[in-house]
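Undergrad: Before I ask anything, let me first share the structure, which is written out below as structure tokens.
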Amino acid sequence: MLENLQNFSGVQNNLKTEELNMLQNSWEKAYDRLYSALSKDRIDLILKITALNDIDYLRMYLLTHVNQLKPEEKYFIEMSIRLKKYPENKNSSKMKKENSLNNLISDVDFQNFVSNIYISIENLEIITKKIIKNKKLEPRELAIYSERTNEIEELLKLKINNN
């Protein structure tokens, strides 16, 4: 009986993993659609808005700006909400928050930044949190900050206004 229960639990975990993978793939497609259809300034705005973990705020933003948002923006925000709502994601988000001040920008992420001037919102949030906590920025973080000052400043404003 215990073996059957363990097998069932394993099947449930596999289904949850598959569901999360499908959700992440959908979010990535929404992200690609966003980048192919919008200007850099508009993309930056949507990324700043969705960087917040406040699902209620995101829902309210969708409702209050429904007529101003393009379909790609709506879809991206909706997929961001779904991903943030996913049950297993809550625990990983909590762990990320607790560890984010200790995280450094990885070699792969930094190389991607140097080559493509792309840096993930998670890495921008690491820098933002360090600034809020008055922690010293590492050389990589300073390089990213100098290139992405506007985005980081907007994240700072959003975080300060939400606290």
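In the structure tokens, the first chain shown is A, the next is B, and so on; residue numbers restart at 1 for each chain, and ligands run from 1 in the order shown.
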Out of segment 14-128 of chain A, which residues get helix (DSSP H, G or I) from DSSP, as JSON, numbers by chain?
TA: {"A": [14, 15, 16, 17, 18, 19, 20, 21, 22, 23, 24, 25, 26, 27, 28, 29, 30, 31, 32, 33, 34, 35, 36, 37, 40, 41, 42, 43, 44, 45, 46, 47, 48, 49, 50, 55, 56, 57, 58, 59, 60, 61, 62, 63, 64, 71, 72, 73, 74, 75, 76, 77, 78, 79, 80, 81, 82, 83, 84, 85, 87, 88, 89, 90, 91, 92, 93, 94, 95, 96, 97, 98, 99, 107, 108, 109, 110, 111, 112, 113, 114, 115, 116, 121, 122, 123, 124, 125, 126, 127, 128]}
Undergrad: Using only C-alpha atoms, determine which residues lie at most 10 Å from Glu154 of chain A, disregarding the query and same-chain residues fewer than 5 positions distant; provide the list as a ChimeraX atom specification.
TA: /A:44-45,48-49,128,149,159-160
Undergrad: List as a short mmCIF file (atom, residue, chain, number, x, y, z; two decimals) with N, CA and C atoms, in the first residue's frame the protein and nucleic acid residues near Arg140 of chain A, meaning an atom at most 9 Å away when only C-alpha atoms are counted, but skip any in the same chain fewer than 5 places from it.
TA:
data_model
loop_
_atom_site.label_atom_id
_atom_site.label_comp_id
_atom_site.auth_asym_id
_atom_site.auth_seq_id
_atom_site.Cartn_x
_atom_site.Cartn_y
_atom_site.Cartn_z
N LEU A 104 25.08 36.08 -7.19
CA LEU A 104 25.90 36.91 -8.06
C LEU A 104 25.42 36.66 -9.48
N ILE A 105 25.75 37.57 -10.34
CA ILE A 105 25.42 37.39 -11.75
C ILE A 105 26.31 36.25 -12.27
N PHE A 110 26.24 36.99 -17.45
CA PHE A 110 27.07 38.15 -17.73
C PHE A 110 27.58 38.11 -19.17
N TYR A 145 24.48 47.88 -14.17
CA TYR A 145 23.80 49.09 -13.70
C TYR A 145 24.08 50.27 -14.63
#
Undergrad: Between A:Leu69, A:Ile126, A:Ile55, A:Ile77, which has the minimum distance to Ala30 of chain A (counting only C-alpha atoms)?
TA: A:Ile77
Undergrad: Report as an mmCIF file with C-alpha atoms, in the first residue's frame all protein, DNA and RNA residues lying within 10 Å of segment 38-43 of chain A, evaluated on only C-alpha atoms, omitting residues in the same chain fewer than 3 positions from it.
TA:
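Now in selection04.cif:
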data_model
loop_
_atom_site.group_PDB
_atom_site.id
_atom_site.type_symbol
_atom_site.label_atom_id
_atom_site.label_comp_id
_atom_site.auth_asym_id
_atom_site.auth_seq_id
_atom_site.Cartn_x
_atom_site.Cartn_y
_atom_site.Cartn_z
ATOM 1 C CA TYR A 31 7.993 36.967 -24.112
ATOM 2 C CA ARG A 33 5.868 37.776 -29.058
ATOM 3 C CA LEU A 34 6.355 40.841 -26.883
ATOM 4 C CA TYR A 35 9.879 41.406 -28.220
ATOM 5 C CA ILE A 46 5.785 45.820 -19.406
ATOM 6 C CA LEU A 47 8.802 44.007 -17.924
ATOM 7 C CA LYS A 48 8.909 46.461 -15.027
ATOM 8 C CA ILE A 49 5.241 45.980 -14.329
ATOM 9 C CA LYS A 70 -1.785 45.631 -27.256
ATOM 10 C CA GLU A 72 0.960 40.903 -26.984
ATOM 11 C CA GLU A 73 1.122 42.966 -23.800
ATOM 12 C CA GLU A 151 15.317 50.011 -15.747
#
Undergrad: Work out how far atom CA of Met79 of chain A is from atom CA of Thr64 of chain A, in Å to one decimal.
TA: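 These two atoms are separated by 17.5 Å.
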